[in-house]
$ cat entry-v1.txt   # compact mmCIF, C-alpha atoms
# COMPACT_ATOMS: atom_id res chain seq x y z
CA MET J 3 -113.14 -1.59 15.48
CA PRO J 4 -109.84 -3.01 14.18
CA HIS J 5 -109.73 -4.23 10.59
CA ILE J 6 -108.28 -7.56 11.76
CA THR J 7 -109.15 -9.81 14.69
CA LEU J 8 -106.61 -9.11 17.42
CA ASN J 9 -105.94 -11.47 20.31
CA THR J 10 -106.22 -8.65 22.86
CA ASN J 11 -108.25 -5.53 23.50
CA GLU J 12 -105.16 -3.44 24.23
CA PRO J 13 -105.28 -0.12 22.39
CA GLY J 14 -103.12 1.26 19.63
CA ILE J 15 -99.78 -0.23 18.81
CA ARG J 16 -99.82 -2.30 21.99
CA GLY J 17 -102.58 -4.49 20.57
CA LEU J 18 -100.62 -4.91 17.36
CA PHE J 19 -97.52 -5.92 19.31
CA ARG J 20 -99.56 -8.61 21.10
CA PHE J 21 -100.90 -9.82 17.75
CA ARG J 22 -97.40 -10.13 16.24
CA PRO J 23 -95.02 -10.25 19.24
CA GLU J 24 -92.04 -10.94 16.98
CA THR J 25 -92.37 -7.34 15.75
CA ALA J 26 -92.56 -5.81 19.24
CA LEU J 27 -88.91 -6.19 20.18
CA PRO J 28 -87.32 -4.73 17.02
CA LEU J 29 -89.82 -1.86 16.78
CA ASN J 30 -89.44 -1.03 20.47
CA GLY J 31 -85.67 -1.32 20.06
CA LEU J 32 -85.79 1.32 17.32
CA VAL J 33 -87.89 3.64 19.47
CA GLU J 34 -85.61 3.04 22.45
CA ALA J 35 -82.54 3.97 20.38
CA LEU J 36 -84.19 7.07 18.92
CA LEU J 37 -86.04 8.43 21.94
CA CYS J 38 -84.24 7.12 25.03
CA ALA J 39 -80.55 6.62 24.22
CA PRO J 40 -78.12 9.27 25.44
CA GLY J 41 -77.92 12.23 23.10
CA THR J 42 -77.65 15.97 22.89
CA LEU J 43 -81.39 16.36 22.38
CA THR J 44 -83.26 15.61 25.57
CA ARG J 45 -85.65 12.70 25.74
CA GLY J 46 -88.47 15.24 26.02
CA GLU J 47 -87.34 17.03 22.85
CA ARG J 48 -87.19 13.76 20.93
CA GLU J 49 -90.64 12.76 22.20
CA LEU J 50 -91.85 16.21 21.14
CA ILE J 51 -90.68 15.50 17.58
CA ALA J 52 -92.54 12.16 17.66
CA ALA J 53 -95.70 13.84 18.97
CA TYR J 54 -95.44 16.66 16.44
CA VAL J 55 -95.18 14.29 13.47
CA SER J 56 -97.99 12.11 14.85
CA GLY J 57 -100.14 15.23 15.18
CA LEU J 58 -99.40 16.23 11.59
CA ASN J 59 -100.41 12.72 10.53
CA GLU J 60 -103.59 13.03 12.62
CA CYS J 61 -102.81 9.75 14.36
CA ARG J 62 -104.79 10.22 17.57
CA TYR J 63 -103.31 7.26 19.44
CA CYS J 64 -99.65 8.06 18.69
CA TYR J 65 -100.12 11.79 19.18
CA SER J 66 -101.86 11.31 22.53
CA ALA J 67 -99.27 8.80 23.73
CA HIS J 68 -96.17 10.73 22.69
CA ALA J 69 -97.62 14.07 23.74
CA ALA J 70 -98.02 12.60 27.23
CA TYR J 71 -94.52 11.10 27.11
CA ALA J 72 -93.03 14.43 25.98
CA ALA J 73 -94.98 16.37 28.60
CA ALA J 74 -93.71 14.05 31.34
CA GLN J 75 -90.12 14.82 30.33
CA LEU J 76 -90.27 18.52 29.46
CA PRO J 77 -90.20 21.16 32.21
CA GLU J 78 -92.97 23.10 30.39
CA GLY J 79 -95.16 19.97 30.24
CA MET J 80 -98.31 19.59 28.20
CA PRO J 81 -98.85 23.33 27.58
CA LEU J 82 -95.70 23.38 25.43
CA VAL J 83 -96.62 20.18 23.62
CA GLN J 84 -100.05 21.61 22.85
CA GLN J 85 -98.57 24.90 21.63
CA VAL J 86 -96.24 23.04 19.25
CA HIS J 87 -99.19 21.01 17.99
CA ASP J 88 -101.44 24.05 17.53
CA ASP J 89 -98.91 26.48 16.00
CA VAL J 90 -95.29 25.41 15.80
CA ASP J 91 -94.21 28.81 14.49
CA SER J 92 -95.30 30.65 17.63
CA ALA J 93 -94.49 27.92 20.15
CA PRO J 94 -91.88 28.94 22.75
CA VAL J 95 -89.16 26.50 21.72
CA SER J 96 -85.52 27.24 21.01
CA ALA J 97 -84.53 28.31 17.52
CA LYS J 98 -82.68 25.00 17.11
CA MET J 99 -85.75 23.01 18.13
CA ARG J 100 -87.96 25.02 15.78
CA ALA J 101 -85.54 24.33 12.91
CA LEU J 102 -85.53 20.61 13.74
CA LEU J 103 -89.34 20.59 13.91
CA ASP J 104 -89.33 22.21 10.45
CA VAL J 105 -87.14 19.33 9.24
CA ALA J 106 -89.49 16.80 10.88
CA GLY J 107 -92.49 18.47 9.25
CA ALA J 108 -90.79 18.22 5.87
CA VAL J 109 -90.14 14.51 6.40
CA GLN J 110 -93.81 14.04 7.27
CA ARG J 111 -94.79 15.58 3.92
CA GLY J 112 -92.21 13.44 2.07
CA GLY J 113 -88.53 12.64 2.35
CA ARG J 114 -87.60 14.80 -0.63
CA GLU J 115 -89.22 17.77 1.10
CA VAL J 116 -86.13 17.97 3.33
CA THR J 117 -84.09 20.57 1.49
CA ALA J 118 -80.52 21.72 1.82
CA ASP J 119 -81.94 25.04 3.05
CA LEU J 120 -83.82 23.35 5.92
CA VAL J 121 -80.70 21.44 6.92
CA ALA J 122 -78.58 24.60 6.68
CA ALA J 123 -81.10 26.48 8.83
CA ALA J 124 -80.93 23.74 11.48
CA ARG J 125 -77.11 23.82 11.39
CA ALA J 126 -77.16 27.62 11.66
CA GLU J 127 -79.12 27.24 14.91
CA GLY J 128 -76.56 24.80 16.29
CA ALA J 129 -78.00 21.42 15.27
CA THR J 130 -75.39 18.72 14.83
CA ASP J 131 -75.35 16.12 12.08
CA VAL J 132 -76.45 13.50 14.64
CA GLU J 133 -79.40 15.69 15.73
CA ILE J 134 -80.43 16.25 12.11
CA HIS J 135 -80.08 12.53 11.36
CA ASP J 136 -82.07 11.53 14.42
CA THR J 137 -84.80 14.10 13.67
CA VAL J 138 -85.23 12.71 10.17
CA LEU J 139 -85.28 9.13 11.42
CA ILE J 140 -87.71 9.90 14.28
CA ALA J 141 -90.04 11.62 11.82
CA ALA J 142 -89.78 8.81 9.26
CA ALA J 143 -90.27 6.11 11.90
CA PHE J 144 -93.32 7.84 13.34
CA CYS J 145 -94.87 8.18 9.90
CA MET J 146 -94.53 4.38 9.70
CA PHE J 147 -95.89 3.84 13.24
CA ASN J 148 -98.80 6.22 12.58
CA ARG J 149 -99.74 4.38 9.41
CA TYR J 150 -99.40 1.01 11.17
CA VAL J 151 -101.74 2.05 13.98
CA ASP J 152 -104.29 3.85 11.80
CA GLY J 153 -104.02 1.44 8.86
CA LEU J 154 -105.34 -1.36 11.06
CA ALA J 155 -107.91 0.87 12.81
CA THR J 156 -106.67 0.08 16.31
CA VAL J 157 -108.68 0.83 19.43
CA LEU J 158 -108.25 4.28 20.99
CA PRO J 159 -108.47 4.83 24.74
CA ASP J 160 -110.85 7.66 25.66
CA ASP J 161 -109.30 8.24 29.08
CA PRO J 162 -106.37 10.71 28.93
CA ASP J 163 -105.05 9.18 32.16
CA PHE J 164 -104.24 6.04 30.16
CA TYR J 165 -101.50 7.97 28.39
CA THR J 166 -100.21 9.93 31.40
CA ASP J 167 -99.96 6.81 33.58
CA ARG J 168 -97.88 5.07 30.93
CA ALA J 169 -95.77 8.20 30.40
CA GLN J 170 -94.34 7.89 33.89
CA ARG J 171 -93.35 4.27 33.24
CA ILE J 172 -91.76 5.14 29.89
CA ALA J 173 -89.83 8.02 31.49
CA ALA J 174 -88.55 5.76 34.25
CA HIS J 175 -87.86 2.52 32.37
CA GLY J 176 -87.76 3.28 28.63
CA TYR J 177 -89.65 1.42 25.94
CA LEU J 178 -87.78 -1.87 26.21
CA GLY J 179 -88.07 -1.84 30.00
CA VAL J 180 -91.82 -1.33 29.86
CA LEU J 181 -92.15 -3.99 27.15
CA GLN J 182 -90.24 -6.43 29.35
CA GLN J 183 -92.44 -5.60 32.35
CA GLU J 184 -95.59 -6.19 30.29
CA VAL J 185 -94.36 -9.53 28.97
CA ILE J 186 -93.33 -10.67 32.47
CA HIS J 187 -96.68 -9.69 33.98
CA GLU J 188 -98.72 -11.42 31.28
$ encode --input "entry-v1.txt" --output "structure tokens"
Amino acid sequence: MPHITLNTNEPGIRGLFRFRPETALPLNGLVEALLCAPGTLTRGERELIAAYVSGLNECRYCYSAHAAYAAAQLPEGMPLVQQVHDDVDSAPVSAKMRALLDVAGAVQRGGREVTADLVAAARAEGATDVEIHDTVLIAAAFCMFNRYVDGLATVLPDDPDFYTDRAQRIAAHGYLGVLQQEVIHE
């Protein structure tokens, strides 16, 4: 049961966006820039970082959503996402991705946990400054989103198909495109 009275029964952050629609566009714009814009990390890899951080924060809604979004965009699908969640050190990801996930995990613990050694390790595996920057910002943003969703005790869907159905729309249209579709179909 949410801590505040929402004007919708939509789950997770979607209900919060309906409650304060003026926040939906800028927050979705940030996610669009971080997770969907062209870059050297694939959209699936960036979603994997978001899911990983959400899992570390034990945010069930955000983890479930972004795990589904990552799985829809990674050739290895949900088995890889689950392996990263369960044991990042033994997950079959590239050395660069593992180093970036280590950076993301440090951000989740606290910004000052990101050390020069972690950054050097990511660079040694081929990570660019943009990839390191984006990893830190994805992790920081998802710590905020996780706390937003859990801090207001939003509703959680029980049906895993809820997340996988939306994952296909996110993959095809991005966050701003899906937001626009939802506003138009209101």
$ atom_distance --input "entry-v1.txt" --atom1 "CA of Ala142 in chain J" --atom2 "CA of Asn30 in chain J"
14.9 Å
$ closest_residue --input "entry-v1.txt" --among "J:Leu58, J:Ala67, J:Ile134, J:Ala126" --to "Val90 in chain J" --atoms "only C-alpha atoms"
J:Leu58
$ residues_near_point --input "entry-v1.txt" --point "(-78.0, 26.7, 19.1)" --cutoff "8 Å" --atoms "only C-alpha atoms" --output "ChimeraX atom specification"
/J:96-98,126-129
$ residues_around --input "entry-v1.txt" --residues "Thr117 in chain J" --least-positions-apart "2" --cutoff "12 Å" --atoms "only C-alpha atoms" --output "list of chain:residue names"
J:Asp104, J:Val105, J:Ala106, J:Gly107, J:Ala108, J:Val109, J:Gly112, J:Gly113, J:Arg114, J:Glu115, J:Asp119, J:Leu120, J:Val121, J:Ala122, J:Ala123, J:Ala124, J:Val138
$ atom_distance --input "entry-v1.txt" --atom1 "CA of Gln170 in chain J" --atom2 "CA of Cys38 in chain J"
13.5 Å
$ closest_residue --input "entry-v1.txt" --among "J:Arg22, J:Arg62, J:Arg45, J:His5" --to "Tyr165 in chain J" --atoms "only C-alpha atoms"
J:Arg62
$ residues_around --input "entry-v1.txt" --residues "range 145-162 of chain J" --least-positions-apart "5" --cutoff "6 Å" --atoms "only C-alpha atoms" --output "list in words"
Pro4, His5, Pro13, Gly14, Ile15, Cys61 and Tyr63 of chain J
$ closest_residue --input "entry-v1.txt" --among "J:Val116, J:Ala174, J:Met99, J:Val132" --to "Ala74 in chain J" --atoms "only C-alpha atoms"
J:Ala174
$ atom_distance --input "entry-v1.txt" --atom1 "CA of Asp167 in chain J" --atom2 "CA of Gln85 in chain J"
21.7 Å
$ residues_around --input "entry-v1.txt" --residues "Tyr177 in chain J" --least-positions-apart "5" --cutoff "9 Å" --atoms "all atoms listed in the file" --output "PyMOL selection string"
chain J and resi 30-31+33-34+37-38+171-172+182
$ decode --input "entry-v1.txt" --residues "range 16-44 of chain J" --atoms "N, CA and C atoms" --output "short mmCIF file (atom, residue, chain, number, x, y, z; two decimals), in the first residue's frame"
data_model
loop_
_atom_site.label_atom_id
_atom_site.label_comp_id
_atom_site.auth_asym_id
_atom_site.auth_seq_id
_atom_site.Cartn_x
_atom_site.Cartn_y
_atom_site.Cartn_z
N ARG J 16 5.60 4.21 -12.43
CA ARG J 16 4.54 4.68 -13.33
C ARG J 16 3.43 5.37 -12.55
N GLY J 17 3.08 4.83 -11.40
CA GLY J 17 2.07 5.48 -10.56
C GLY J 17 2.54 6.82 -10.04
N LEU J 18 3.82 6.90 -9.73
CA LEU J 18 4.38 8.16 -9.24
C LEU J 18 4.42 9.21 -10.35
N PHE J 19 4.70 8.77 -11.58
CA PHE J 19 4.68 9.70 -12.71
C PHE J 19 3.27 10.23 -12.95
N ARG J 20 2.26 9.41 -12.76
CA ARG J 20 0.87 9.87 -12.92
C ARG J 20 0.50 10.86 -11.81
N PHE J 21 1.04 10.62 -10.61
CA PHE J 21 0.76 11.50 -9.48
C PHE J 21 1.37 12.88 -9.69
N ARG J 22 2.60 12.91 -10.18
CA ARG J 22 3.30 14.18 -10.44
C ARG J 22 3.81 14.17 -11.88
N PRO J 23 2.91 14.36 -12.86
CA PRO J 23 3.31 14.24 -14.27
C PRO J 23 4.41 15.21 -14.68
N GLU J 24 4.55 16.31 -13.98
CA GLU J 24 5.62 17.25 -14.33
C GLU J 24 7.01 16.67 -14.08
N THR J 25 7.10 15.58 -13.30
CA THR J 25 8.38 14.92 -13.09
C THR J 25 8.64 13.83 -14.13
N ALA J 26 7.60 13.35 -14.78
CA ALA J 26 7.74 12.21 -15.70
C ALA J 26 8.65 12.53 -16.87
N LEU J 27 8.46 13.67 -17.50
CA LEU J 27 9.24 13.99 -18.69
C LEU J 27 10.73 14.16 -18.38
N PRO J 28 11.12 14.95 -17.39
CA PRO J 28 12.57 15.07 -17.14
C PRO J 28 13.22 13.77 -16.66
N LEU J 29 12.51 13.00 -15.83
CA LEU J 29 13.10 11.74 -15.35
C LEU J 29 13.19 10.72 -16.49
N ASN J 30 12.18 10.65 -17.33
CA ASN J 30 12.25 9.76 -18.48
C ASN J 30 13.28 10.25 -19.49
N GLY J 31 13.44 11.56 -19.60
CA GLY J 31 14.48 12.11 -20.48
C GLY J 31 15.87 11.69 -20.03
N LEU J 32 16.11 11.70 -18.73
CA LEU J 32 17.39 11.25 -18.19
C LEU J 32 17.62 9.77 -18.51
N VAL J 33 16.61 8.94 -18.28
CA VAL J 33 16.74 7.51 -18.55
C VAL J 33 16.93 7.27 -20.04
N GLU J 34 16.21 8.01 -20.86
CA GLU J 34 16.36 7.88 -22.31
C GLU J 34 17.80 8.18 -22.72
N ALA J 35 18.36 9.28 -22.20
CA ALA J 35 19.74 9.66 -22.54
C ALA J 35 20.74 8.61 -22.07
N LEU J 36 20.52 8.08 -20.88
CA LEU J 36 21.48 7.12 -20.32
C LEU J 36 21.36 5.73 -20.91
N LEU J 37 20.14 5.28 -21.16
CA LEU J 37 19.94 3.87 -21.53
C LEU J 37 19.63 3.65 -23.01
N CYS J 38 19.21 4.68 -23.71
CA CYS J 38 18.76 4.47 -25.10
C CYS J 38 19.57 5.23 -26.14
N ALA J 39 20.23 6.30 -25.76
CA ALA J 39 20.98 7.10 -26.74
C ALA J 39 22.11 6.27 -27.35
N PRO J 40 22.53 6.60 -28.54
CA PRO J 40 23.65 5.87 -29.13
C PRO J 40 24.88 5.93 -28.21
N GLY J 41 25.61 4.84 -28.19
CA GLY J 41 26.80 4.77 -27.35
C GLY J 41 27.56 3.51 -27.64
N THR J 42 28.73 3.40 -27.05
CA THR J 42 29.56 2.22 -27.28
C THR J 42 29.14 1.04 -26.40
N LEU J 43 28.44 1.30 -25.31
CA LEU J 43 27.81 0.21 -24.56
C LEU J 43 26.45 -0.02 -25.20
N THR J 44 26.08 -1.27 -25.37
CA THR J 44 24.78 -1.56 -25.96
C THR J 44 23.68 -1.15 -25.00
#
